[in-house]
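One file, data.pdb, is given below (PDB, C-alpha atoms).
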```pdb
ATOM      1  CA  MET W 696     104.234 -47.141  11.614
ATOM      2  CA  LYS W 697     101.398 -46.404  13.960
ATOM      3  CA  LYS W 698     103.439 -43.650  15.496
ATOM      4  CA  THR W 699     104.106 -41.974  12.140
ATOM      5  CA  VAL W 700     100.391 -41.967  11.319
ATOM      6  CA  PHE W 701      99.665 -40.527  14.718
ATOM      7  CA  ILE W 702     102.218 -37.761  14.328
ATOM      8  CA  ALA W 703     100.939 -37.047  10.819
ATOM      9  CA  LEU W 704      97.408 -36.771  12.202
ATOM     10  CA  ILE W 705      98.521 -34.443  14.958
ATOM     11  CA  GLY W 706     100.346 -32.408  12.328
ATOM     12  CA  CYS W 707      97.198 -32.173  10.195
ATOM     13  CA  PHE W 708      95.236 -31.111  13.228
ATOM     14  CA  PHE W 709      97.631 -28.274  13.979
ATOM     15  CA  ILE W 710      97.720 -27.107  10.386
ATOM     16  CA  GLN W 711      93.938 -27.186  10.338
ATOM     17  CA  THR W 712      93.522 -25.120  13.500
ATOM     18  CA  GLY W 713      96.349 -22.868  12.399
ATOM     19  CA  PHE W 714      94.478 -21.916   9.255
ATOM     20  CA  SER W 715      90.953 -21.739  10.588
ATOM     21  CA  GLN W 716      91.534 -18.556  12.538
ATOM     22  CA  LYS W 717      88.254 -17.084  13.665
ATOM     23  CA  TYR W 718      87.265 -13.519  14.358
ATOM     24  CA  PHE W 719      84.290 -12.545  16.432
ATOM     25  CA  THR W 720      82.404  -9.820  18.224
ATOM     26  CA  LYS W 721      79.668  -9.707  20.821
ATOM     27  CA  GLU W 722      79.202  -5.993  20.429
ATOM     28  CA  GLY W 723      77.923  -5.651  16.901
ATOM     29  CA  LYS W 724      75.786  -2.626  16.233
ATOM     30  CA  VAL W 725      72.580  -3.056  14.258
ATOM     31  CA  GLU W 726      70.162  -0.261  13.561
ATOM     32  CA  PHE W 727      67.093  -0.064  11.428
ATOM     33  CA  HIS W 728      65.155   2.806   9.977
ATOM     34  CA  SER W 729      61.630   2.833   8.712
ATOM     35  CA  HIS W 730      60.729   5.962   6.796
ATOM     36  CA  ALA W 731      57.004   6.064   6.158
ATOM     37  CA  SER W 732      54.919   9.064   5.179
ATOM     38  CA  MET W 733      53.429   9.438   8.676
ATOM     39  CA  GLU W 734      56.242   8.389  10.921
ATOM     40  CA  LYS W 735      59.948   7.760  11.224
ATOM     41  CA  ILE W 736      60.858   4.742  13.309
ATOM     42  CA  GLU W 737      64.389   3.883  14.392
ATOM     43  CA  ALA W 738      65.897   1.385  16.770
ATOM     44  CA  VAL W 739      69.352   0.213  17.690
ATOM     45  CA  THR W 740      71.110  -2.631  19.466
ATOM     46  CA  ASN W 741      74.767  -3.011  20.402
ATOM     47  CA  THR W 742      74.821  -6.657  21.396
ATOM     48  CA  ALA W 743      74.794  -8.543  18.107
ATOM     49  CA  THR W 744      77.243 -11.436  17.808
ATOM     50  CA  CYS W 745      79.214 -12.323  14.724
ATOM     51  CA  VAL W 746      81.714 -15.086  14.021
ATOM     52  CA  LEU W 747      83.840 -15.005  10.880
ATOM     53  CA  ASP W 748      86.028 -17.847   9.706
ATOM     54  CA  ALA W 749      89.113 -16.190   8.259
ATOM     55  CA  SER W 750      90.035 -19.187   6.124
ATOM     56  CA  THR W 751      86.729 -19.443   4.262
ATOM     57  CA  GLY W 752      84.936 -16.153   4.746
ATOM     58  CA  LYS W 753      81.978 -17.923   6.313
ATOM     59  CA  VAL W 754      79.940 -15.667   8.573
ATOM     60  CA  GLU W 755      77.370 -16.255  11.263
ATOM     61  CA  PHE W 756      75.532 -13.315  12.664
ATOM     62  CA  ALA W 757      72.855 -13.201  15.336
ATOM     63  CA  VAL W 758      70.896 -10.508  17.096
ATOM     64  CA  LEU W 759      68.312 -10.591  19.872
ATOM     65  CA  ILE W 760      65.091  -8.886  18.802
ATOM     66  CA  LYS W 761      64.256  -7.781  22.340
ATOM     67  CA  SER W 762      67.585  -5.971  22.627
ATOM     68  CA  PHE W 763      66.507  -3.287  20.128
ATOM     69  CA  GLN W 764      65.941   0.023  21.886
ATOM     70  CA  PHE W 765      63.442   2.533  20.507
ATOM     71  CA  GLU W 766      62.944   6.136  21.390
ATOM     72  CA  LYS W 767      59.282   5.523  22.135
ATOM     73  CA  ALA W 768      58.317   2.778  24.562
ATOM     74  CA  LEU W 769      55.014   2.171  22.765
ATOM     75  CA  MET W 770      56.759   1.534  19.442
ATOM     76  CA  GLN W 771      59.106  -0.915  21.128
ATOM     77  CA  GLU W 772      56.124  -2.731  22.625
ATOM     78  CA  HIS W 773      54.298  -2.960  19.288
ATOM     79  CA  PHE W 774      57.495  -4.035  17.512
ATOM     80  CA  ASN W 775      58.037  -6.905  19.937
ATOM     81  CA  GLU W 776      54.476  -7.992  20.548
ATOM     82  CA  ASN W 777      52.606  -7.369  17.305
ATOM     83  CA  TYR W 778      55.102  -7.386  14.471
ATOM     84  CA  MET W 779      58.196  -9.389  15.380
ATOM     85  CA  GLU W 780      56.519 -11.641  17.971
ATOM     86  CA  SER W 781      59.860 -11.715  19.735
ATOM     87  CA  SER W 782      58.728 -14.077  22.468
ATOM     88  CA  LYS W 783      58.124 -16.695  19.799
ATOM     89  CA  TYR W 784      61.040 -15.683  17.549
ATOM     90  CA  PRO W 785      63.700 -14.198  19.858
ATOM     91  CA  LYS W 786      66.523 -13.966  17.297
ATOM     92  CA  ALA W 787      67.315 -12.834  13.815
ATOM     93  CA  ILE W 788      70.127 -14.875  12.268
ATOM     94  CA  PHE W 789      72.262 -14.560   9.156
ATOM     95  CA  LYS W 790      74.340 -17.512   7.986
ATOM     96  CA  GLY W 791      76.361 -17.009   4.893
ATOM     97  CA  GLN W 792      79.547 -16.208   3.165
ATOM     98  CA  ILE W 793      81.591 -13.184   2.192
ATOM     99  CA  VAL W 794      81.916 -13.580  -1.574
ATOM    100  CA  GLU W 795      85.506 -13.406  -2.835
ATOM    101  CA  TRP W 796      86.823 -13.424   0.696
ATOM    102  CA  SER W 797      90.138 -14.723  -0.633
ATOM    103  CA  ASN W 798      90.835 -11.198  -1.969
ATOM    104  CA  ILE W 799      91.273 -10.022   1.568
ATOM    105  CA  ASP W 800      94.715  -9.785   3.066
ATOM    106  CA  LEU W 801      94.409  -9.508   6.832
ATOM    107  CA  SER W 802      98.132  -8.960   7.219
ATOM    108  CA  LYS W 803      98.015  -5.420   5.857
ATOM    109  CA  ASP W 804      95.719  -2.427   6.145
ATOM    110  CA  GLY W 805      93.218  -1.970   3.363
ATOM    111  CA  ASN W 806      89.637  -1.374   2.290
ATOM    112  CA  TYR W 807      87.483  -3.776   0.335
ATOM    113  CA  ASP W 808      84.045  -3.598  -1.240
ATOM    114  CA  LEU W 809      82.643  -7.108  -1.275
ATOM    115  CA  LYS W 810      79.324  -8.875  -1.031
ATOM    116  CA  ALA W 811      77.772 -11.125   1.575
ATOM    117  CA  LYS W 812      75.384 -13.853   0.499
ATOM    118  CA  GLY W 813      73.403 -16.187   2.643
ATOM    119  CA  ALA W 814      70.252 -17.024   4.514
ATOM    120  CA  LEU W 815      68.600 -14.397   6.684
ATOM    121  CA  THR W 816      66.079 -15.610   9.232
ATOM    122  CA  ILE W 817      63.719 -13.099  10.785
ATOM    123  CA  HIS W 818      60.372 -13.783  12.425
ATOM    124  CA  GLY W 819      60.775 -17.504  11.775
ATOM    125  CA  ALA W 820      61.024 -17.036   7.994
ATOM    126  CA  THR W 821      64.223 -17.609   6.018
ATOM    127  CA  LYS W 822      65.189 -15.858   2.780
ATOM    128  CA  GLU W 823      68.311 -15.892   0.673
ATOM    129  CA  ILE W 824      69.794 -12.419   0.558
ATOM    130  CA  SER W 825      72.795 -10.656  -0.851
ATOM    131  CA  ALA W 826      74.159  -7.391   0.484
ATOM    132  CA  PRO W 827      77.180  -5.188  -0.165
ATOM    133  CA  VAL W 828      79.785  -5.292   2.607
ATOM    134  CA  LYS W 829      82.557  -2.819   3.204
ATOM    135  CA  ILE W 830      85.495  -4.375   4.966
ATOM    136  CA  MET W 831      88.269  -2.368   6.444
ATOM    137  CA  VAL W 832      91.396  -4.080   7.725
ATOM    138  CA  LYS W 833      93.393  -2.167  10.257
ATOM    139  CA  ASN W 834      96.200  -3.611  12.373
ATOM    140  CA  GLY W 835      95.149  -7.112  11.393
ATOM    141  CA  LYS W 836      91.575  -6.625  12.554
ATOM    142  CA  PRO W 837      88.644  -6.531  10.167
ATOM    143  CA  THR W 838      85.796  -4.065  10.571
ATOM    144  CA  ALA W 839      82.703  -4.651   8.482
ATOM    145  CA  SER W 840      79.697  -2.553   7.634
ATOM    146  CA  THR W 841      76.675  -3.198   5.505
ATOM    147  CA  ASN W 842      73.457  -1.513   4.600
ATOM    148  CA  PHE W 843      70.521  -3.294   2.979
ATOM    149  CA  ASN W 844      66.759  -3.310   2.774
ATOM    150  CA  VAL W 845      64.409  -5.930   4.075
ATOM    151  CA  ALA W 846      60.827  -6.185   2.837
ATOM    152  CA  LEU W 847      58.545  -6.958   5.758
ATOM    153  CA  ALA W 848      56.280  -9.083   3.548
ATOM    154  CA  ASP W 849      59.205 -11.445   2.803
ATOM    155  CA  TYR W 850      59.310 -12.386   6.460
ATOM    156  CA  ASN W 851      55.557 -12.655   6.990
ATOM    157  CA  ILE W 852      55.469  -9.532   9.114
ATOM    158  CA  GLU W 853      51.953  -8.218   8.787
ATOM    159  CA  ILE W 854      51.189  -4.556   9.204
ATOM    160  CA  PRO W 855      47.512  -3.765   9.856
ATOM    161  CA  ALA W 856      45.905  -1.372   7.359
ATOM    162  CA  VAL W 857      45.269   1.227  10.105
ATOM    163  CA  VAL W 858      48.997   1.855  10.580
ATOM    164  CA  ALA W 859      50.061   1.126   7.001
ATOM    165  CA  ASP W 860      51.081   4.773   6.534
ATOM    166  CA  ASN W 861      53.175   4.721   9.692
ATOM    167  CA  ILE W 862      55.422   1.799   8.860
ATOM    168  CA  ALA W 863      57.550   1.456   5.750
ATOM    169  CA  LYS W 864      57.112  -1.652   3.589
ATOM    170  CA  GLU W 865      60.870  -1.921   3.362
ATOM    171  CA  VAL W 866      63.080  -1.336   6.335
ATOM    172  CA  ASP W 867      66.623  -0.053   5.995
ATOM    173  CA  ILE W 868      69.120  -2.083   8.041
ATOM    174  CA  VAL W 869      72.582  -0.831   8.957
ATOM    175  CA  VAL W 870      75.195  -3.111  10.511
ATOM    176  CA  ASN W 871      78.598  -2.129  11.911
ATOM    177  CA  ILE W 872      80.926  -4.652  13.453
ATOM    178  CA  GLU W 873      84.456  -4.584  14.732
ATOM    179  CA  LEU W 874      85.933  -8.059  14.900
ATOM    180  CA  GLN W 875      88.485  -9.387  17.347
ATOM    181  CA  GLU W 876      90.664 -12.430  17.017
ATOM    182  CA  LEU W 877      89.144 -15.404  18.795
ATOM    183  CA  LYS W 878      91.742 -16.798  21.170
ATOM    184  CA  ARG W 879      91.372 -20.264  22.508
TER     185      ARG W 879
ATOM    186  CA  MET M 783      21.709  19.889  21.751
ATOM    187  CA  LYS M 784      24.470  22.214  22.879
ATOM    188  CA  LYS M 785      25.043  19.974  25.881
ATOM    189  CA  ILE M 786      25.573  16.943  23.668
ATOM    190  CA  LEU M 787      28.077  18.848  21.537
ATOM    191  CA  ILE M 788      29.983  19.905  24.641
ATOM    192  CA  ILE M 789      30.039  16.320  25.905
ATOM    193  CA  ILE M 790      31.302  15.095  22.541
ATOM    194  CA  ALA M 791      33.958  17.812  22.468
ATOM    195  CA  VAL M 792      35.101  16.934  25.979
ATOM    196  CA  LEU M 793      35.254  13.239  25.094
ATOM    197  CA  ALA M 794      37.197  13.969  21.903
ATOM    198  CA  ILE M 795      39.706  16.170  23.719
ATOM    199  CA  GLY M 796      39.993  13.635  26.543
ATOM    200  CA  GLY M 797      40.413  10.806  24.050
ATOM    201  CA  GLY M 798      42.977  12.764  22.081
ATOM    202  CA  PHE M 799      44.879  13.571  25.244
ATOM    203  CA  PHE M 800      44.790   9.928  26.315
ATOM    204  CA  ALA M 801      46.007   8.768  22.892
ATOM    205  CA  TYR M 802      48.809  11.336  23.014
ATOM    206  CA  GLN M 803      49.789  10.156  26.494
ATOM    207  CA  MET M 804      49.810   6.558  25.293
ATOM    208  CA  TYR M 805      51.902   7.461  22.258
ATOM    209  CA  ASN M 806      54.467   9.197  24.438
ATOM    210  CA  LYS M 807      54.368   6.625  27.186
ATOM    211  CA  PRO M 808      57.811   6.669  28.831
ATOM    212  CA  HIS M 809      60.147   3.700  29.002
ATOM    213  CA  LYS M 810      60.141   1.753  32.238
ATOM    214  CA  ASP M 811      62.083   3.586  34.948
ATOM    215  CA  MET M 812      64.796   1.043  35.678
ATOM    216  CA  THR M 813      66.126   2.807  38.769
ATOM    217  CA  SER M 814      62.844   2.375  40.627
ATOM    218  CA  ALA M 815      61.802  -0.907  38.985
ATOM    219  CA  GLU M 816      61.425  -3.830  41.367
ATOM    220  CA  SER M 817      63.291  -6.903  40.177
ATOM    221  CA  ASP M 818      61.031  -9.847  39.347
ATOM    222  CA  LEU M 819      63.655 -12.388  40.304
ATOM    223  CA  ALA M 820      67.240 -12.676  41.495
ATOM    224  CA  ILE M 821      69.787 -15.197  40.226
ATOM    225  CA  SER M 822      73.538 -15.711  39.964
ATOM    226  CA  SER M 823      75.206 -15.230  36.566
ATOM    227  CA  THR M 824      76.291 -18.886  36.604
ATOM    228  CA  ASP M 825      72.748 -20.175  37.170
ATOM    229  CA  LEU M 826      71.306 -17.790  34.581
ATOM    230  CA  LEU M 827      73.684 -18.910  31.828
ATOM    231  CA  ALA M 828      73.214 -22.562  32.813
ATOM    232  CA  ALA M 829      69.430 -22.170  32.536
ATOM    233  CA  PHE M 830      69.749 -20.873  28.965
ATOM    234  CA  GLU M 831      72.323 -23.475  27.987
ATOM    235  CA  SER M 832      70.284 -26.420  29.227
ATOM    236  CA  ASP M 833      66.890 -25.356  27.846
ATOM    237  CA  GLU M 834      66.832 -22.134  25.885
ATOM    238  CA  THR M 835      63.123 -22.156  25.055
ATOM    239  CA  SER M 836      61.924 -22.473  28.617
ATOM    240  CA  ALA M 837      64.580 -20.028  29.842
ATOM    241  CA  ASN M 838      63.315 -17.523  27.258
ATOM    242  CA  ASP M 839      59.808 -17.916  28.651
ATOM    243  CA  LEU M 840      61.042 -17.675  32.207
ATOM    244  CA  TYR M 841      63.420 -14.708  32.006
ATOM    245  CA  ASN M 842      62.836 -12.619  28.884
ATOM    246  CA  ASP M 843      61.202  -9.215  29.454
ATOM    247  CA  LYS M 844      61.550  -9.700  33.214
ATOM    248  CA  VAL M 845      63.562  -7.386  35.422
ATOM    249  CA  VAL M 846      66.244  -9.834  36.474
ATOM    250  CA  ALA M 847      68.710  -9.070  39.261
ATOM    251  CA  VAL M 848      71.877 -10.934  38.352
ATOM    252  CA  THR M 849      74.935 -11.262  40.585
ATOM    253  CA  GLY M 850      78.376 -12.287  39.428
ATOM    254  CA  ASN M 851      82.037 -11.383  39.200
ATOM    255  CA  VAL M 852      83.099  -8.859  36.596
ATOM    256  CA  LEU M 853      84.963 -10.557  33.741
ATOM    257  CA  SER M 854      85.379  -7.550  31.480
ATOM    258  CA  VAL M 855      84.060  -4.057  30.902
ATOM    259  CA  SER M 856      83.730  -2.286  27.581
ATOM    260  CA  ASN M 857      82.815   1.255  26.804
ATOM    261  CA  GLU M 858      82.107   2.287  23.243
ATOM    262  CA  GLU M 859      80.180   5.279  21.985
ATOM    263  CA  GLY M 860      79.168   6.005  25.566
ATOM    264  CA  ILE M 861      77.604   2.593  26.056
ATOM    265  CA  THR M 862      78.993   0.597  28.952
ATOM    266  CA  LYS M 863      78.740  -3.170  28.951
ATOM    267  CA  VAL M 864      79.812  -5.344  31.828
ATOM    268  CA  THR M 865      80.325  -9.047  31.217
ATOM    269  CA  LEU M 866      79.824 -11.195  34.278
ATOM    270  CA  ASP M 867      81.705 -14.450  34.646
ATOM    271  CA  ALA M 868      79.417 -17.459  34.550
ATOM    272  CA  GLY M 869      81.991 -20.179  35.071
ATOM    273  CA  ASN M 870      82.079 -20.936  31.342
ATOM    274  CA  PRO M 871      84.912 -20.046  28.964
ATOM    275  CA  LEU M 872      82.525 -19.604  26.016
ATOM    276  CA  GLY M 873      79.907 -17.297  27.434
ATOM    277  CA  GLY M 874      78.879 -15.100  30.302
ATOM    278  CA  VAL M 875      76.158 -12.625  31.135
ATOM    279  CA  ILE M 876      76.406  -9.281  29.349
ATOM    280  CA  CYS M 877      74.825  -6.367  31.189
ATOM    281  CA  GLN M 878      74.407  -3.240  29.097
ATOM    282  CA  LEU M 879      73.952  -0.206  31.330
ATOM    283  CA  ASP M 880      70.766   1.781  30.824
ATOM    284  CA  GLU M 881      71.239   4.922  28.766
ATOM    285  CA  LEU M 882      68.151   6.540  30.282
ATOM    286  CA  SER M 883      69.198   6.168  33.927
ATOM    287  CA  ASP M 884      71.827   7.967  35.969
ATOM    288  CA  HIS M 885      74.585   5.703  37.203
ATOM    289  CA  GLU M 886      76.659   6.138  40.318
ATOM    290  CA  ARG M 887      79.597   4.667  38.418
ATOM    291  CA  THR M 888      80.348   3.228  35.021
ATOM    292  CA  SER M 889      83.710   1.682  35.783
ATOM    293  CA  PHE M 890      84.048  -1.675  37.453
ATOM    294  CA  GLU M 891      87.034  -3.661  38.628
ATOM    295  CA  GLU M 892      87.734  -7.018  37.059
ATOM    296  CA  GLY M 893      86.871  -9.752  39.538
ATOM    297  CA  GLU M 894      84.683  -7.666  41.823
ATOM    298  CA  SER M 895      81.254  -9.014  42.701
ATOM    299  CA  VAL M 896      78.433  -6.868  41.443
ATOM    300  CA  THR M 897      74.638  -7.048  41.038
ATOM    301  CA  PHE M 898      72.729  -5.500  38.166
ATOM    302  CA  LYS M 899      69.029  -5.425  37.515
ATOM    303  CA  GLY M 900      68.030  -5.250  33.899
ATOM    304  CA  LEU M 901      65.709  -6.580  31.233
ATOM    305  CA  CYS M 902      66.640 -10.015  29.991
ATOM    306  CA  THR M 903      66.525 -10.221  26.182
ATOM    307  CA  GLY M 904      67.739 -13.771  25.522
ATOM    308  CA  TYR M 905      70.815 -15.837  24.745
ATOM    309  CA  LEU M 906      73.316 -15.772  21.893
ATOM    310  CA  MET M 907      76.805 -16.778  23.086
ATOM    311  CA  ASP M 908      75.999 -14.985  26.304
ATOM    312  CA  VAL M 909      72.825 -14.082  28.114
ATOM    313  CA  VAL M 910      72.128 -10.446  27.287
ATOM    314  CA  LEU M 911      70.520  -7.998  29.707
ATOM    315  CA  VAL M 912      69.778  -4.459  28.572
ATOM    316  CA  ARG M 913      68.847  -1.296  30.478
ATOM    317  CA  CYS M 914      70.832  -2.420  33.517
ATOM    318  CA  VAL M 915      71.225  -0.474  36.750
ATOM    319  CA  GLU M 916      73.580  -1.480  39.551
ATOM    320  CA  VAL M 917      71.921  -2.734  42.724
ATOM    321  CA  LYS M 918      73.702  -2.074  46.011
TER     322      LYS M 918
END
```

Taking this structure as input, can you express it in the form of structure tokens?
Amino acid sequence: MKKTVFIALIGCFFIQTGFSQKYFTKEGKVEFHSHASMEKIEAVTNTATCVLDASTGKVEFAVLIKSFQFEKALMQEHFNENYMESSKYPKAIFKGQIVEWSNIDLSKDGNYDLKAKGALTIHGATKEISAPVKIMVKNGKPTASTNFNVALADYNIEIPAVVADNIAKEVDIVVNIELQELKR
Amino acid sequence: MKKILIIIAVLAIGGGFFAYQMYNKPHKDMTSAESDLAISSTDLLAAFESDETSANDLYNDKVVAVTGNVLSVSNEEGITKVTLDAGNPLGGVICQLDELSDHERTSFEEGESVTFKGLCTGYLMDVVLVRCVEVK
């Protein structure tokens, strides 16, 4: 009897791991654009991580604030020290879910327009967000891209009045990730 | 009176020039930058895994010279990233080569021992260094 239970448990375990296939990347690209009347500010990083659970569509995404590279060194300094306080808040994190993930068939090539919903944490503040996500499946691998706006005020990022014309109130964020199967 | 005007003009031009210089301040030259500290990839990852907050304070924004064996190399959109083995199956140390510096080489053999100096930016699954330059 004991043995049967044990085997059943082992069986469950294998089924479980068999279904909870994960996809990940450590090379996610995140860029942001701020278009204000006085100045255009852009920065990019290529070291964002993302883990996607293929059975549920759950996503975790993280990026290091200090890894953003700007064209101008001074902007990068101000971004880190004055606005994002990246020594205190080194990461931005998204934890959420691809809505209607079950529509996706990873076994064949295809394109999907879906939505991601979840909690975005920037600068120590967390907000619920929802953003459109384009998912492209090619050779069993999903590639995802999204584009959404973030209002600086939502994340308690204060812009002094002197530079208010140089920095947009809403920043445009573009994410592109190519996911690989996580092998254990 | 005229003298005062000239002095003001000179100050304004000087100030303007200084502000312009500040605005266009170049990024740190990584090729000539002295490393603030040297560490092995294994010790660096271990430091972040055991106490991330204090490791952030200790290493972030510093020019860190990190030595380890090459685990993998990726090159996408002209950006080369070398992952150094840190004795941990889950994470390593990712060194992204500096786009503003000239590199003697951008291809590395798996398993070879290599040292990069770069700016430490923190820890996700791996410790991430950006603007890296190989140290010989």

Point out the residue among W:Asp849, W:Glu776, W:Glu722, W:Leu747 with the least atom-to-atom distance to Glu858 of chain M, counting all atoms listed in the file.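 Distance minimum relative to Glu858 of chain M lands on W:Glu722.
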
Could you give me, as a tab-separated table, every chain W residue with an atom at most 6 Å from chain M, plus its closest atom pair and distance in Å to one decimal, counting only C-alpha atoms, rows ordered by chain then number?
```
residue	atom	partner	partner_atom	distance
W:Lys761	CA	M:Thr903	CA	5.1
W:Ser762	CA	M:Thr903	CA	5.6
W:Ala768	CA	M:His809	CA	4.9
```

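What separates atom CA of Ala846 of chain W from atom CA of Asp808 of chain W is a distance of 23.7 Å.
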
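The protein and nucleic acid residues lying at most 7 Å from segment 866-879 of chain W are W:Lys717, W:Tyr718, W:Phe719, W:Thr720, W:Gly723, W:Lys724, W:Val725, W:Glu726, W:Phe727, W:His728, W:Ser729, W:Lys836, W:Pro837, W:Thr838, W:Ala839, W:Ser840, W:Thr841, W:Asn842, W:Phe843, W:Asn844, W:Val845, W:Ala846, with all atoms listed in the file considered and sequence neighbours fewer than 5 positions away removed.
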
Matched chain/residue IDs from the PyMOL selection byres ((chain M and resi 817-828) around 7), as a PyMOL selection string: chain M and resi 815-816+829-832+844-850+866-869+874-875+899+909

Can you pull out every residue within 12 Å of Ala731 of chain W, counting all atoms listed in the file, but drop anything in the same chain fewer than 6 positions away, and send it as number ranges by chain? W: 737, 858-867

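Each of M:Val864, M:Val792, M:Met812, M:Ala837 was checked against Lys721 of chain W using all atoms listed in the file; the smallest atom-to-atom distance is that of M:Val864.
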
Which residues match the PyMOL selection byres ((chain W and resi 827) around 7) in the file above, as a list of chain:residue names? W:Leu809, W:Lys810, W:Ala811, W:Ala826, W:Val828, W:Lys829, W:Thr841

Identify, on the basis of all atoms listed in the file, every residue whose closest approach to Asn798 of chain W does not exceed 12 Å; exclude the query and any residue fewer than 6 positions from it along the same chain; express the result as JSON, numbers by chain. {"W": [749, 750, 751, 752, 805, 806, 807, 808, 809, 810, 830]}

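The space separating atom CA of Phe800 of chain M from atom CA of Val857 of chain W comes to 18.4 Å.
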
Of the candidates W:Lys753, W:Lys735, W:Lys812, W:Lys790, which one gets nearest to Phe765 of chain W if we count all atoms listed in the file?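 Of the candidates, the smallest distance to Phe765 of chain W is held by W:Lys735.
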
Would you mind reading off the distance between atom CA of Ser854 of chain M and atom CA of Val896 of chain M, one decimal, in Å? 12.2 Å

Nearest to Tyr778 of chain W, chosen from W:Gln792, W:Asn834, W:Ile824, W:Gly819, with all atoms listed in the file counted in the distances: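 Nearest to Tyr778 of chain W: W:Gly819.
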
Any chance you could work out the residue set of the PyMOL selection byres ((chain W and resi 814) around 6) here, as a ChimeraX atom specification? /W:789-790,813,815,822-823

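The closest residue to Ile788 of chain W, picked from W:His773, W:Lys803, W:Lys767, W:His818 and counting all atoms listed in the file, is W:His818.
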
Enclosing box along x, y and z for every listed atom of segment 736-754 of chain W, padded 6 Å each side, centre and size in Å, one decimal, as AutoDock Vina command-line options:
```
--center_x 75.4 --center_y -7.4 --center_z 12.8 --size_x 41.2 --size_y 36.2 --size_z 29.1
```

Need the shell around Met779 of chain W: protein/DNA/RNA residues with any atom at most 8 Å away, counting all atoms listed in the file. Skip same-chain ones fewer than 3 positions apart. Format as a ChimeraX atom specification? /W:760,774-776,784,818,852

Got a sec: who's within 10 Å of Asn777 of chain W, counting only C-alpha atoms, leaving out chain neighbours fewer than 4 positions off, as a list of chain:residue names?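 The neighbour list is W:Gln771, W:Glu772, W:His773, W:Ser781, W:Ile852, W:Glu853, W:Ile854, W:Pro855.
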
Missing atoms in segment 821-832 of chain M need filling: write out N, CA and C atoms for it as a PDB file, in the coordinates of the input.
```pdb
ATOM      1  N   ILE M 821      69.104 -13.957  40.603  1.00  0.00           N
ATOM      2  CA  ILE M 821      69.787 -15.197  40.226  1.00  0.00           C
ATOM      3  C   ILE M 821      71.278 -14.903  40.071  1.00  0.00           C
ATOM      4  N   SER M 822      72.108 -15.917  40.196  1.00  0.00           N
ATOM      5  CA  SER M 822      73.538 -15.711  39.964  1.00  0.00           C
ATOM      6  C   SER M 822      73.810 -15.821  38.463  1.00  0.00           C
ATOM      7  N   SER M 823      74.889 -15.192  37.995  1.00  0.00           N
ATOM      8  CA  SER M 823      75.206 -15.230  36.566  1.00  0.00           C
ATOM      9  C   SER M 823      75.421 -16.676  36.103  1.00  0.00           C
ATOM     10  N   THR M 824      76.033 -17.485  36.951  1.00  0.00           N
ATOM     11  CA  THR M 824      76.291 -18.886  36.604  1.00  0.00           C
ATOM     12  C   THR M 824      74.986 -19.646  36.384  1.00  0.00           C
ATOM     13  N   ASP M 825      74.030 -19.473  37.300  1.00  0.00           N
ATOM     14  CA  ASP M 825      72.748 -20.175  37.170  1.00  0.00           C
ATOM     15  C   ASP M 825      71.958 -19.667  35.964  1.00  0.00           C
ATOM     16  N   LEU M 826      72.062 -18.357  35.701  1.00  0.00           N
ATOM     17  CA  LEU M 826      71.306 -17.790  34.581  1.00  0.00           C
ATOM     18  C   LEU M 826      71.806 -18.354  33.251  1.00  0.00           C
ATOM     19  N   LEU M 827      73.131 -18.367  33.072  1.00  0.00           N
ATOM     20  CA  LEU M 827      73.684 -18.910  31.828  1.00  0.00           C
ATOM     21  C   LEU M 827      73.360 -20.402  31.708  1.00  0.00           C
ATOM     22  N   ALA M 828      73.491 -21.121  32.833  1.00  0.00           N
ATOM     23  CA  ALA M 828      73.214 -22.562  32.813  1.00  0.00           C
ATOM     24  C   ALA M 828      71.766 -22.835  32.411  1.00  0.00           C
ATOM     25  N   ALA M 829      70.850 -21.988  32.878  1.00  0.00           N
ATOM     26  CA  ALA M 829      69.430 -22.170  32.536  1.00  0.00           C
ATOM     27  C   ALA M 829      69.231 -22.045  31.032  1.00  0.00           C
ATOM     28  N   PHE M 830      69.897 -21.062  30.407  1.00  0.00           N
ATOM     29  CA  PHE M 830      69.749 -20.873  28.965  1.00  0.00           C
ATOM     30  C   PHE M 830      70.449 -21.972  28.180  1.00  0.00           C
ATOM     31  N   GLU M 831      71.593 -22.426  28.702  1.00  0.00           N
ATOM     32  CA  GLU M 831      72.323 -23.475  27.987  1.00  0.00           C
ATOM     33  C   GLU M 831      71.581 -24.798  28.011  1.00  0.00           C
ATOM     34  N   SER M 832      70.920 -25.107  29.132  1.00  0.00           N
ATOM     35  CA  SER M 832      70.284 -26.420  29.227  1.00  0.00           C
ATOM     36  C   SER M 832      68.945 -26.437  28.498  1.00  0.00           C
TER      37      SER M 832
END
```
